[in-house]
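Enquirer: What follows is a single structure, and I will ask about it in a moment.
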Amino acid sequence: MPRPTRCRRIEQLPVFRSFSPDDVNDAESIRMTVDEYETLRLMDGESLTQEACAAKMNIARTTVTAIYDSARKKVADALVNGKRLLIIGGRYEYDPVDIGQEITEKGNKTMRIAVTYENGEVFQHFGRTSQFKLYDIENGKIISEQVVGSNGAGHGALAGVLQAIKADALICGGIGMGARMALEDAGIRLIPGIQGSADDAAKAFAEGTLEFNPDAECDHHGEGHECGHHEDGHECGHHHGEDGCCH
């Protein structure tokens, strides 16, 4: 019987998910998985050895070698042959995030909503938020509230922070495509395009009356407006594929 495939541990998800040549129309697409991206980030971006990369990803060095070789061939194919590179899917789980704060225990029947937060308002740029306000909801009513810091995390790591605080959904203003995919990968429902009072938004959500724009994007420079298709991708512990691991 073959050994089960081990999920590859990811520190942060890619913010930019699609790269296309400007001078080629209808370019053929090739897919790089998130775990392949992670090996490039660690070994080429952070100059780690294969052994160090394997330790961070919680896999064998020989597995890192295979993943890294596959990733580099795909990058070369995209650059040499003018193909569109998409970063989607794969078998991975999030690296546990230590947010360094005490979080209220969440009940089994509780829905936890996180809101990007600043001075009582819904902060409008997801990737730059320094705080989340958490609202625990049961039976259509808010039963507790708490403000927590984002621990200085950037775009790709914020999904891990939300996972660590056990958020089921996020209310925010604008948000880029890469961050959307990161939240989808984390199994966190997204409610974007919200402005005004964070308390009012959370109360309306609890009561089922909150109206939102599912297509709202962040217009802040550098937020990342990349486009791309996406396959079902969820961290281990939420949704699993046929191989028993995350995709």
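Each chain in the structure tokens gets a letter, A, B, ..., in the order shown, and its residues are numbered from 1; ligands are numbered from 1 in order too.
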Quick one: everything within 8 Å of Gly82 of chain A, counting only C-alpha atoms, minus sequence neighbours fewer than 3 positions away in the same chain. Send it as a PyMOL selection string.
Expert: chain A and resi 20-21+24+27-28+77-79
Enquirer: Show me, as a VMD selection string, the residues that have an atom within 9 Å of segment 166-172 of chain A when counting only C-alpha atoms, minus same-chain residues fewer than 3 positions from it.
Expert: chain A and resid 106 111 to 117 122 to 126 134 161 to 163 175 183 187 to 195 198 201 to 202
Enquirer: Let me see the file: selected residues, N, CA and C atoms, as a PDB file, in the first residue's frame.
Expert:
```pdb
ATOM      1  N   LYS A 106     -13.485  30.156  21.267  1.00  0.00           N
ATOM      2  CA  LYS A 106     -14.646  30.139  20.376  1.00  0.00           C
ATOM      3  C   LYS A 106     -15.478  28.896  20.629  1.00  0.00           C
ATOM      4  N   MET A 111     -20.107  31.438  15.290  1.00  0.00           N
ATOM      5  CA  MET A 111     -19.531  31.912  14.038  1.00  0.00           C
ATOM      6  C   MET A 111     -18.708  33.155  14.357  1.00  0.00           C
ATOM      7  N   ARG A 112     -17.444  33.138  13.961  1.00  0.00           N
ATOM      8  CA  ARG A 112     -16.559  34.267  14.250  1.00  0.00           C
ATOM      9  C   ARG A 112     -16.312  35.088  12.988  1.00  0.00           C
ATOM     10  N   ILE A 113     -16.652  36.375  13.060  1.00  0.00           N
ATOM     11  CA  ILE A 113     -16.455  37.292  11.953  1.00  0.00           C
ATOM     12  C   ILE A 113     -15.295  38.214  12.287  1.00  0.00           C
ATOM     13  N   ALA A 114     -14.353  38.346  11.368  1.00  0.00           N
ATOM     14  CA  ALA A 114     -13.257  39.295  11.511  1.00  0.00           C
ATOM     15  C   ALA A 114     -13.513  40.479  10.589  1.00  0.00           C
ATOM     16  N   VAL A 115     -13.277  41.689  11.093  1.00  0.00           N
ATOM     17  CA  VAL A 115     -13.478  42.901  10.302  1.00  0.00           C
ATOM     18  C   VAL A 115     -12.173  43.695  10.283  1.00  0.00           C
ATOM     19  N   THR A 116     -11.703  44.074   9.089  1.00  0.00           N
ATOM     20  CA  THR A 116     -10.546  44.970   9.025  1.00  0.00           C
ATOM     21  C   THR A 116     -10.938  46.255   9.744  1.00  0.00           C
ATOM     22  N   TYR A 117     -10.087  46.739  10.658  1.00  0.00           N
ATOM     23  CA  TYR A 117     -10.562  47.702  11.651  1.00  0.00           C
ATOM     24  C   TYR A 117      -9.591  48.857  11.873  1.00  0.00           C
ATOM     25  N   VAL A 122     -14.628  50.212   9.195  1.00  0.00           N
ATOM     26  CA  VAL A 122     -14.093  49.121   8.376  1.00  0.00           C
ATOM     27  C   VAL A 122     -12.916  49.675   7.580  1.00  0.00           C
ATOM     28  N   PHE A 123     -11.717  49.181   7.867  1.00  0.00           N
ATOM     29  CA  PHE A 123     -10.525  49.650   7.158  1.00  0.00           C
ATOM     30  C   PHE A 123     -10.598  49.182   5.712  1.00  0.00           C
ATOM     31  N   GLN A 124     -10.215  50.077   4.787  1.00  0.00           N
ATOM     32  CA  GLN A 124     -10.517  49.830   3.377  1.00  0.00           C
ATOM     33  C   GLN A 124      -9.456  49.068   2.588  1.00  0.00           C
ATOM     34  N   HIS A 125      -8.288  48.803   3.156  1.00  0.00           N
ATOM     35  CA  HIS A 125      -7.232  48.126   2.394  1.00  0.00           C
ATOM     36  C   HIS A 125      -6.805  46.869   3.148  1.00  0.00           C
ATOM     37  N   PHE A 126      -7.330  45.741   2.753  1.00  0.00           N
ATOM     38  CA  PHE A 126      -7.105  44.491   3.470  1.00  0.00           C
ATOM     39  C   PHE A 126      -5.627  44.220   3.740  1.00  0.00           C
ATOM     40  N   LEU A 134     -12.979  41.224  16.085  1.00  0.00           N
ATOM     41  CA  LEU A 134     -13.649  39.934  16.014  1.00  0.00           C
ATOM     42  C   LEU A 134     -15.009  40.020  16.673  1.00  0.00           C
ATOM     43  N   VAL A 161      -3.133  34.432   9.616  1.00  0.00           N
ATOM     44  CA  VAL A 161      -3.540  35.094  10.863  1.00  0.00           C
ATOM     45  C   VAL A 161      -5.023  34.851  11.118  1.00  0.00           C
ATOM     46  N   LEU A 162      -5.832  35.009  10.089  1.00  0.00           N
ATOM     47  CA  LEU A 162      -7.276  34.796  10.244  1.00  0.00           C
ATOM     48  C   LEU A 162      -7.574  33.344  10.601  1.00  0.00           C
ATOM     49  N   GLN A 163      -6.809  32.441  10.038  1.00  0.00           N
ATOM     50  CA  GLN A 163      -6.968  31.036  10.391  1.00  0.00           C
ATOM     51  C   GLN A 163      -6.614  30.822  11.860  1.00  0.00           C
ATOM     52  N   ILE A 175     -10.144  44.534  -1.708  1.00  0.00           N
ATOM     53  CA  ILE A 175      -9.232  43.405  -1.549  1.00  0.00           C
ATOM     54  C   ILE A 175      -8.797  42.926  -2.927  1.00  0.00           C
ATOM     55  N   LEU A 183      -7.759  33.690   0.968  1.00  0.00           N
ATOM     56  CA  LEU A 183      -8.879  33.452   1.879  1.00  0.00           C
ATOM     57  C   LEU A 183      -9.683  32.230   1.449  1.00  0.00           C
ATOM     58  N   GLY A 187     -10.477  28.639   3.465  1.00  0.00           N
ATOM     59  CA  GLY A 187     -11.848  28.288   3.794  1.00  0.00           C
ATOM     60  C   GLY A 187     -12.575  29.390   4.538  1.00  0.00           C
ATOM     61  N   ILE A 188     -12.165  30.651   4.311  1.00  0.00           N
ATOM     62  CA  ILE A 188     -12.761  31.797   5.000  1.00  0.00           C
ATOM     63  C   ILE A 188     -13.674  32.543   4.041  1.00  0.00           C
ATOM     64  N   ARG A 189     -14.913  32.719   4.427  1.00  0.00           N
ATOM     65  CA  ARG A 189     -15.884  33.420   3.585  1.00  0.00           C
ATOM     66  C   ARG A 189     -15.524  34.896   3.501  1.00  0.00           C
ATOM     67  N   LEU A 190     -15.671  35.488   2.327  1.00  0.00           N
ATOM     68  CA  LEU A 190     -15.307  36.882   2.113  1.00  0.00           C
ATOM     69  C   LEU A 190     -16.547  37.740   1.893  1.00  0.00           C
ATOM     70  N   ILE A 191     -16.627  38.863   2.646  1.00  0.00           N
ATOM     71  CA  ILE A 191     -17.693  39.857   2.474  1.00  0.00           C
ATOM     72  C   ILE A 191     -17.014  41.198   2.221  1.00  0.00           C
ATOM     73  N   PRO A 192     -16.701  41.536   0.957  1.00  0.00           N
ATOM     74  CA  PRO A 192     -15.956  42.757   0.640  1.00  0.00           C
ATOM     75  C   PRO A 192     -16.870  43.933   0.296  1.00  0.00           C
ATOM     76  N   GLY A 193     -16.233  45.100   0.078  1.00  0.00           N
ATOM     77  CA  GLY A 193     -16.962  46.283  -0.377  1.00  0.00           C
ATOM     78  C   GLY A 193     -17.767  46.972   0.705  1.00  0.00           C
ATOM     79  N   ILE A 194     -17.394  46.783   1.972  1.00  0.00           N
ATOM     80  CA  ILE A 194     -18.141  47.372   3.084  1.00  0.00           C
ATOM     81  C   ILE A 194     -17.442  48.629   3.570  1.00  0.00           C
ATOM     82  N   GLN A 195     -18.219  49.674   3.822  1.00  0.00           N
ATOM     83  CA  GLN A 195     -17.698  50.924   4.358  1.00  0.00           C
ATOM     84  C   GLN A 195     -18.473  51.308   5.606  1.00  0.00           C
ATOM     85  N   ALA A 198     -17.770  49.506  11.736  1.00  0.00           N
ATOM     86  CA  ALA A 198     -17.530  48.068  11.832  1.00  0.00           C
ATOM     87  C   ALA A 198     -18.617  47.399  12.662  1.00  0.00           C
ATOM     88  N   ALA A 201     -21.780  47.021  10.611  1.00  0.00           N
ATOM     89  CA  ALA A 201     -21.636  45.989   9.581  1.00  0.00           C
ATOM     90  C   ALA A 201     -21.760  44.600  10.201  1.00  0.00           C
ATOM     91  N   ALA A 202     -21.102  44.393  11.342  1.00  0.00           N
ATOM     92  CA  ALA A 202     -21.161  43.088  11.999  1.00  0.00           C
ATOM     93  C   ALA A 202     -22.576  42.777  12.468  1.00  0.00           C
TER      94      ALA A 202
END
```
Enquirer: Could you tell me how far atom CA of Gly89 of chain A sits from atom CA of Asp69 of chain A, in Å to one decimal place?
Expert: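 Between these atoms lies a distance of 17.5 Å.
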Enquirer: Near Thr39 of chain A, counting only C-alpha atoms, which residues have an atom at most 9 Å away, once you skip same-chain residues fewer than 5 positions from it, shown as a list in words?
Expert: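 So, after excluding close chain neighbours, the residues are Val34, Asp44, Gly45, Gln50, Cys53, Ala54, Met57, Val64, Thr65, Ile67, Tyr68 and Ala71 of chain A.
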Enquirer: Take atom CA of Ala182 of chain A and atom CA of Arg72 of chain A and report the distance between them in Å, one decimal.
Expert: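 Rounded to one decimal, the two atoms are 22.7 Å apart.
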Enquirer: If you run DSSP over the backbone, which residues in segment 53-108 of chain A end up alpha helix (DSSP H)? Put them as a list in words.
Expert: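 Matching residues for alpha helix (DSSP H) in segment 53-108 of chain A are Cys53, Ala54, Ala55, Lys56, Met57, Arg61, Thr62, Thr63, Val64, Thr65, Ala66, Ile67, Tyr68, Asp69, Ser70, Ala71, Arg72, Lys73, Lys74, Val75, Ala76, Asp77, Ala78, Leu79, Val80 and Asn81 of chain A.
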Enquirer: From the set A:Asp199, A:Asp26, A:Leu48, A:Thr104, which residue has the shortest atom-to-atom contact distance to Glu118 of chain A, counting only C-alpha atoms?
Expert: A:Asp199
Enquirer: Measuring atom to atom with only C-alpha atoms, identify which of A:Glu102, A:Asp22, A:Glu207, A:Glu93 is nearest to Glu138 of chain A.
Expert: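 Counting only C-alpha atoms, the residue closest to Glu138 of chain A is A:Glu207.
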Enquirer: Could you list, as a PyMOL selection string, every residue within 12 Å of Arg8 of chain A, counting only C-alpha atoms and ignoring same-chain residues fewer than 5 positions away?
Expert: chain A and resi 33-39+53-61+63-64+67+89-95+235-236+245-247
Enquirer: Extract the full set of strand (DSSP E or B) residues from chain A according to DSSP on the backbone, and format it as a PyMOL selection string.
Expert: chain A and resi 8-10+18-19+29-32+84-87+92-94+111-118+121-122+125+131-138+141-149+169-171+174+189-191+197
Enquirer: Using only C-alpha atoms, which of A:Ser144, A:Asn119, A:Ser18, A:Thr110 sits nearest Leu86 of chain A?
Expert: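 Between A:Ser144, A:Asn119, A:Ser18, A:Thr110, the residue approaching Leu86 of chain A most closely is A:Ser18.
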